[in-house]
$ cat start.txt   # compact mmCIF, N, CA and C atoms
# COMPACT_ATOMS: atom_id res chain seq x y z
N MET A 59 0.82 -1.18 0.00
CA MET A 59 0.00 0.00 0.00
C MET A 59 0.87 1.25 0.00
N LYS A 60 1.98 1.19 0.75
CA LYS A 60 2.87 2.35 0.84
C LYS A 60 3.48 2.67 -0.53
N LYS A 61 3.86 1.64 -1.30
CA LYS A 61 4.43 1.86 -2.63
C LYS A 61 3.39 2.49 -3.56
N TRP A 62 2.16 2.03 -3.45
CA TRP A 62 1.07 2.58 -4.28
C TRP A 62 0.87 4.05 -3.97
N LEU A 63 0.88 4.39 -2.70
CA LEU A 63 0.69 5.77 -2.28
C LEU A 63 1.84 6.65 -2.76
N ASN A 64 3.07 6.16 -2.62
CA ASN A 64 4.22 6.93 -3.10
C ASN A 64 4.15 7.13 -4.61
N GLY A 65 3.74 6.11 -5.33
CA GLY A 65 3.61 6.22 -6.79
C GLY A 65 2.56 7.24 -7.17
N LEU A 66 1.45 7.24 -6.46
CA LEU A 66 0.39 8.21 -6.74
C LEU A 66 0.86 9.63 -6.46
N ALA A 67 1.58 9.81 -5.37
CA ALA A 67 2.10 11.14 -5.05
C ALA A 67 3.09 11.62 -6.10
N ILE A 68 3.97 10.74 -6.55
CA ILE A 68 4.95 11.09 -7.57
C ILE A 68 4.26 11.44 -8.89
N CYS A 69 3.26 10.66 -9.26
CA CYS A 69 2.52 10.93 -10.50
C CYS A 69 1.77 12.26 -10.41
N SER A 70 1.22 12.58 -9.26
CA SER A 70 0.50 13.84 -9.09
C SER A 70 1.43 15.03 -9.25
N VAL A 71 2.59 14.95 -8.61
CA VAL A 71 3.56 16.04 -8.71
C VAL A 71 4.07 16.16 -10.14
N ALA A 72 4.34 15.01 -10.78
CA ALA A 72 4.81 15.05 -12.17
C ALA A 72 3.77 15.65 -13.11
N ALA A 73 2.51 15.30 -12.90
CA ALA A 73 1.45 15.84 -13.75
C ALA A 73 1.34 17.35 -13.59
N ILE A 74 1.46 17.83 -12.37
CA ILE A 74 1.40 19.28 -12.15
C ILE A 74 2.59 19.96 -12.80
N ALA A 75 3.79 19.38 -12.61
CA ALA A 75 5.00 19.98 -13.18
C ALA A 75 4.98 19.97 -14.70
N LEU A 76 4.55 18.87 -15.29
CA LEU A 76 4.49 18.80 -16.75
C LEU A 76 3.43 19.73 -17.32
N GLY A 77 2.33 19.85 -16.62
CA GLY A 77 1.27 20.76 -17.07
C GLY A 77 1.73 22.21 -17.04
N CYS A 78 2.57 22.54 -16.11
CA CYS A 78 3.08 23.91 -16.00
C CYS A 78 4.21 24.18 -16.98
N ALA A 79 4.77 23.15 -17.57
CA ALA A 79 5.90 23.33 -18.48
C ALA A 79 5.47 23.50 -19.94
N SER A 80 4.18 23.39 -20.21
CA SER A 80 3.73 23.49 -21.59
C SER A 80 3.82 24.93 -22.09
N THR A 81 3.78 25.07 -23.40
CA THR A 81 3.84 26.41 -23.98
C THR A 81 2.49 26.77 -24.56
N GLY A 82 2.33 28.01 -24.92
CA GLY A 82 1.08 28.45 -25.53
C GLY A 82 0.26 29.28 -24.57
N GLN A 83 -0.97 29.56 -24.97
CA GLN A 83 -1.87 30.39 -24.20
C GLN A 83 -2.65 29.55 -23.20
N THR A 84 -1.99 29.04 -22.21
CA THR A 84 -2.65 28.21 -21.21
C THR A 84 -2.46 28.79 -19.82
N VAL A 85 -2.58 30.09 -19.72
CA VAL A 85 -2.34 30.77 -18.45
C VAL A 85 -3.31 30.28 -17.38
N HIS A 86 -4.57 30.26 -17.69
CA HIS A 86 -5.56 29.86 -16.70
C HIS A 86 -5.50 28.37 -16.41
N THR A 87 -5.16 27.57 -17.39
CA THR A 87 -5.06 26.12 -17.18
C THR A 87 -4.01 25.82 -16.13
N LYS A 88 -2.85 26.45 -16.25
CA LYS A 88 -1.77 26.21 -15.29
C LYS A 88 -2.16 26.69 -13.90
N GLU A 89 -2.65 27.91 -13.84
CA GLU A 89 -3.00 28.48 -12.54
C GLU A 89 -4.07 27.65 -11.84
N LYS A 90 -5.10 27.30 -12.58
CA LYS A 90 -6.21 26.55 -11.98
C LYS A 90 -5.80 25.14 -11.59
N ALA A 91 -4.92 24.50 -12.38
CA ALA A 91 -4.46 23.16 -12.04
C ALA A 91 -3.65 23.18 -10.75
N VAL A 92 -2.78 24.16 -10.60
CA VAL A 92 -1.97 24.26 -9.39
C VAL A 92 -2.85 24.57 -8.19
N MET A 93 -3.73 25.55 -8.33
CA MET A 93 -4.61 25.90 -7.22
C MET A 93 -5.54 24.75 -6.86
N GLY A 94 -6.06 24.07 -7.87
CA GLY A 94 -6.91 22.92 -7.61
C GLY A 94 -6.16 21.81 -6.88
N GLY A 95 -4.92 21.60 -7.29
CA GLY A 95 -4.10 20.59 -6.62
C GLY A 95 -3.84 20.92 -5.17
N LEU A 96 -3.53 22.18 -4.90
CA LEU A 96 -3.27 22.59 -3.52
C LEU A 96 -4.53 22.50 -2.66
N LEU A 97 -5.63 23.01 -3.19
CA LEU A 97 -6.88 22.94 -2.43
C LEU A 97 -7.36 21.50 -2.25
N GLY A 98 -7.20 20.70 -3.31
CA GLY A 98 -7.58 19.29 -3.22
C GLY A 98 -6.74 18.53 -2.21
N ALA A 99 -5.43 18.82 -2.18
CA ALA A 99 -4.55 18.16 -1.21
C ALA A 99 -4.94 18.54 0.22
N ALA A 100 -5.24 19.81 0.42
CA ALA A 100 -5.64 20.25 1.77
C ALA A 100 -6.95 19.58 2.19
N ALA A 101 -7.94 19.62 1.30
CA ALA A 101 -9.24 19.02 1.63
C ALA A 101 -9.10 17.50 1.81
N GLY A 102 -8.36 16.86 0.91
CA GLY A 102 -8.17 15.42 1.02
C GLY A 102 -7.42 15.03 2.27
N GLY A 103 -6.43 15.84 2.66
CA GLY A 103 -5.70 15.56 3.88
C GLY A 103 -6.57 15.66 5.12
N ILE A 104 -7.43 16.67 5.13
CA ILE A 104 -8.34 16.84 6.27
C ILE A 104 -9.34 15.70 6.33
N ILE A 105 -9.93 15.38 5.20
CA ILE A 105 -10.92 14.30 5.16
C ILE A 105 -10.26 12.96 5.46
N GLY A 106 -9.08 12.73 4.86
CA GLY A 106 -8.36 11.47 5.10
C GLY A 106 -7.89 11.33 6.54
N HIS A 107 -7.57 12.43 7.18
CA HIS A 107 -7.12 12.39 8.58
C HIS A 107 -8.21 11.84 9.48
N GLN A 108 -9.46 12.12 9.14
CA GLN A 108 -10.57 11.64 9.95
C GLN A 108 -10.66 10.12 9.97
N SER A 109 -10.15 9.48 8.91
CA SER A 109 -10.17 8.02 8.87
C SER A 109 -8.77 7.43 9.11
N GLY A 110 -7.83 8.27 9.52
CA GLY A 110 -6.49 7.79 9.83
C GLY A 110 -5.60 7.63 8.61
N ARG A 111 -5.97 8.19 7.48
CA ARG A 111 -5.19 8.08 6.24
C ARG A 111 -5.05 9.44 5.59
N GLY A 112 -4.44 10.36 6.32
CA GLY A 112 -4.31 11.72 5.86
C GLY A 112 -3.46 11.87 4.61
N LEU A 113 -2.33 11.13 4.56
CA LEU A 113 -1.43 11.23 3.41
C LEU A 113 -2.09 10.69 2.14
N GLU A 114 -2.79 9.59 2.28
CA GLU A 114 -3.49 9.03 1.11
C GLU A 114 -4.59 9.98 0.65
N GLY A 115 -5.32 10.54 1.58
CA GLY A 115 -6.37 11.50 1.23
C GLY A 115 -5.81 12.72 0.53
N ALA A 116 -4.65 13.20 1.00
CA ALA A 116 -4.02 14.35 0.38
C ALA A 116 -3.58 14.04 -1.04
N ALA A 117 -3.03 12.85 -1.26
CA ALA A 117 -2.57 12.47 -2.60
C ALA A 117 -3.75 12.37 -3.57
N VAL A 118 -4.81 11.72 -3.14
CA VAL A 118 -5.98 11.58 -3.99
C VAL A 118 -6.63 12.94 -4.23
N GLY A 119 -6.72 13.75 -3.19
CA GLY A 119 -7.29 15.09 -3.33
C GLY A 119 -6.48 15.97 -4.27
N ALA A 120 -5.16 15.86 -4.20
CA ALA A 120 -4.29 16.65 -5.09
C ALA A 120 -4.49 16.25 -6.54
N ALA A 121 -4.57 14.95 -6.78
CA ALA A 121 -4.77 14.48 -8.16
C ALA A 121 -6.13 14.94 -8.70
N ALA A 122 -7.16 14.74 -7.91
CA ALA A 122 -8.51 15.12 -8.36
C ALA A 122 -8.63 16.64 -8.51
N GLY A 123 -8.05 17.38 -7.59
CA GLY A 123 -8.11 18.83 -7.67
C GLY A 123 -7.36 19.38 -8.86
N SER A 124 -6.21 18.78 -9.17
CA SER A 124 -5.43 19.22 -10.33
C SER A 124 -6.19 19.00 -11.63
N VAL A 125 -6.80 17.84 -11.73
CA VAL A 125 -7.56 17.54 -12.95
C VAL A 125 -8.75 18.49 -13.07
N ALA A 126 -9.50 18.65 -12.00
CA ALA A 126 -10.67 19.54 -12.05
C ALA A 126 -10.26 20.98 -12.34
N GLY A 127 -9.21 21.45 -11.68
CA GLY A 127 -8.74 22.81 -11.92
C GLY A 127 -8.23 22.99 -13.34
N GLY A 128 -7.52 22.00 -13.85
CA GLY A 128 -7.01 22.07 -15.22
C GLY A 128 -8.13 22.12 -16.24
N VAL A 129 -9.18 21.36 -16.02
CA VAL A 129 -10.32 21.35 -16.94
C VAL A 129 -11.01 22.71 -16.92
N MET A 130 -11.21 23.27 -15.73
CA MET A 130 -11.87 24.57 -15.65
C MET A 130 -11.00 25.67 -16.26
N GLY A 131 -9.69 25.62 -16.00
CA GLY A 131 -8.80 26.61 -16.58
C GLY A 131 -8.70 26.50 -18.09
N SER A 132 -8.72 25.28 -18.59
CA SER A 132 -8.67 25.06 -20.04
C SER A 132 -9.92 25.62 -20.71
N ALA A 133 -11.06 25.42 -20.08
CA ALA A 133 -12.30 25.96 -20.62
C ALA A 133 -12.26 27.48 -20.64
N GLN A 134 -11.69 28.07 -19.59
CA GLN A 134 -11.58 29.53 -19.54
C GLN A 134 -10.63 30.03 -20.62
N ASP A 135 -9.50 29.34 -20.81
CA ASP A 135 -8.57 29.73 -21.88
C ASP A 135 -9.22 29.62 -23.25
N GLU A 136 -10.00 28.56 -23.44
CA GLU A 136 -10.66 28.35 -24.74
C GLU A 136 -11.68 29.45 -25.01
N ARG A 137 -12.43 29.84 -23.98
CA ARG A 137 -13.40 30.92 -24.16
C ARG A 137 -12.70 32.23 -24.53
N GLU A 138 -11.58 32.51 -23.89
CA GLU A 138 -10.85 33.74 -24.20
C GLU A 138 -10.25 33.70 -25.59
N THR A 139 -9.78 32.53 -26.03
CA THR A 139 -9.22 32.39 -27.35
C THR A 139 -10.28 32.59 -28.43
N MET A 140 -11.46 32.09 -28.18
CA MET A 140 -12.56 32.21 -29.13
C MET A 140 -13.22 33.59 -29.05
N GLY A 141 -12.86 34.38 -28.06
CA GLY A 141 -13.43 35.72 -27.94
C GLY A 141 -14.78 35.73 -27.24
N THR A 142 -15.12 34.66 -26.59
CA THR A 142 -16.40 34.58 -25.89
C THR A 142 -16.14 34.53 -24.40
N SER A 143 -16.72 35.43 -23.65
CA SER A 143 -16.60 35.37 -22.20
C SER A 143 -17.99 35.45 -21.60
N TYR A 144 -18.17 34.72 -20.54
CA TYR A 144 -19.47 34.66 -19.89
C TYR A 144 -19.48 35.49 -18.66
$ encode --input "start.txt" --output "structure tokens"
Amino acid sequence: MKKWLNGLAICSVAAIALGCASTGQTVHTKEKAVMGGLLGAAAGGIIGHQSGRGLEGAAVGAAAGSVAGGVMGSAQDERETMGTSY
């Protein structure tokens, strides 16, 4: 279980780092992915702590938050590129 958790944490950090290294007009995608990852890690750590698995909760929360933040940021970038803002 410990190896699985370490692998998940490494993959989450790598995904965030690789997402931030891309080029182009992805300003909001990067910002939202990082913020989502941080908020997800905090929320997951708090929720996971309640069941005695804070580190696992933080890793899962970081991964889910990064993906959700990246999707929202990408949509915002796409709207700005197309000239449509809501």
$ residues_around --input "start.txt" --residues "region 96-98 of chain A" --least-positions-apart "5" --cutoff "10 Å" --atoms "only C-alpha atoms" --output "list in words"
Lys90, Ala91, Gly103, Ile104, Gly115, Ala116, Ala117, Val118, Gly119, Ala120, Ala121, Ala122, Gly123, Ser124, Val125, Ala126 and Gly127 of chain A
$ write_last_selection --input "start.txt" --atoms "N, CA and C atoms" --output "mmCIF file, in the coordinates of the input"
data_model
loop_
_atom_site.group_PDB
_atom_site.id
_atom_site.type_symbol
_atom_site.label_atom_id
_atom_site.label_comp_id
_atom_site.auth_asym_id
_atom_site.auth_seq_id
_atom_site.Cartn_x
_atom_site.Cartn_y
_atom_site.Cartn_z
ATOM 1 N N LYS A 90 -5.100 27.300 -12.580
ATOM 2 C CA LYS A 90 -6.210 26.550 -11.980
ATOM 3 C C LYS A 90 -5.800 25.140 -11.590
ATOM 4 N N ALA A 91 -4.920 24.500 -12.380
ATOM 5 C CA ALA A 91 -4.460 23.160 -12.040
ATOM 6 C C ALA A 91 -3.650 23.180 -10.750
ATOM 7 N N GLY A 103 -6.430 15.840 2.660
ATOM 8 C CA GLY A 103 -5.700 15.560 3.880
ATOM 9 C C GLY A 103 -6.570 15.660 5.120
ATOM 10 N N ILE A 104 -7.430 16.670 5.130
ATOM 11 C CA ILE A 104 -8.340 16.840 6.270
ATOM 12 C C ILE A 104 -9.340 15.700 6.330
ATOM 13 N N GLY A 115 -5.320 10.540 1.580
ATOM 14 C CA GLY A 115 -6.370 11.500 1.230
ATOM 15 C C GLY A 115 -5.810 12.720 0.530
ATOM 16 N N ALA A 116 -4.650 13.200 1.000
ATOM 17 C CA ALA A 116 -4.020 14.350 0.380
ATOM 18 C C ALA A 116 -3.580 14.040 -1.040
ATOM 19 N N ALA A 117 -3.030 12.850 -1.260
ATOM 20 C CA ALA A 117 -2.570 12.470 -2.600
ATOM 21 C C ALA A 117 -3.750 12.370 -3.570
ATOM 22 N N VAL A 118 -4.810 11.720 -3.140
ATOM 23 C CA VAL A 118 -5.980 11.580 -3.990
ATOM 24 C C VAL A 118 -6.630 12.940 -4.230
ATOM 25 N N GLY A 119 -6.720 13.750 -3.190
ATOM 26 C CA GLY A 119 -7.290 15.090 -3.330
ATOM 27 C C GLY A 119 -6.480 15.970 -4.270
ATOM 28 N N ALA A 120 -5.160 15.860 -4.200
ATOM 29 C CA ALA A 120 -4.290 16.650 -5.090
ATOM 30 C C ALA A 120 -4.490 16.250 -6.540
ATOM 31 N N ALA A 121 -4.570 14.950 -6.780
ATOM 32 C CA ALA A 121 -4.770 14.480 -8.160
ATOM 33 C C ALA A 121 -6.130 14.940 -8.700
ATOM 34 N N ALA A 122 -7.160 14.740 -7.910
ATOM 35 C CA ALA A 122 -8.510 15.120 -8.360
ATOM 36 C C ALA A 122 -8.630 16.640 -8.510
ATOM 37 N N GLY A 123 -8.050 17.380 -7.590
ATOM 38 C CA GLY A 123 -8.110 18.830 -7.670
ATOM 39 C C GLY A 123 -7.360 19.380 -8.860
ATOM 40 N N SER A 124 -6.210 18.780 -9.170
ATOM 41 C CA SER A 124 -5.430 19.220 -10.330
ATOM 42 C C SER A 124 -6.190 19.000 -11.630
ATOM 43 N N VAL A 125 -6.800 17.840 -11.730
ATOM 44 C CA VAL A 125 -7.560 17.540 -12.950
ATOM 45 C C VAL A 125 -8.750 18.490 -13.070
ATOM 46 N N ALA A 126 -9.500 18.650 -12.000
ATOM 47 C CA ALA A 126 -10.670 19.540 -12.050
ATOM 48 C C ALA A 126 -10.260 20.980 -12.340
ATOM 49 N N GLY A 127 -9.210 21.450 -11.680
ATOM 50 C CA GLY A 127 -8.740 22.810 -11.920
ATOM 51 C C GLY A 127 -8.230 22.990 -13.340
#
$ atom_distance --input "start.txt" --atom1 "atom C of Ser132 (chain A)" --atom2 "atom N of Gly94 (chain A)"
13.5 Å
$ atom_distance --input "start.txt" --atom1 "CA of Ala99 (chain A)" --atom2 "CA of Leu113 (chain A)"
8.9 Å
$ atom_distance --input "start.txt" --atom1 "atom N of Ala133 (chain A)" --atom2 "CA of Thr87 (chain A)"
6.7 Å
$ closest_residue --input "start.txt" --among "A:Gln134, A:Gln108, A:Gly128, A:Thr139" --to "Met93 (chain A)" --atoms "all atoms listed in the file"
A:Gly128
$ closest_residue --input "start.txt" --among "A:Gly112, A:Ala101, A:Gly131, A:Gly106" --to "Glu89 (chain A)" --atoms "all atoms listed in the file"
A:Gly131
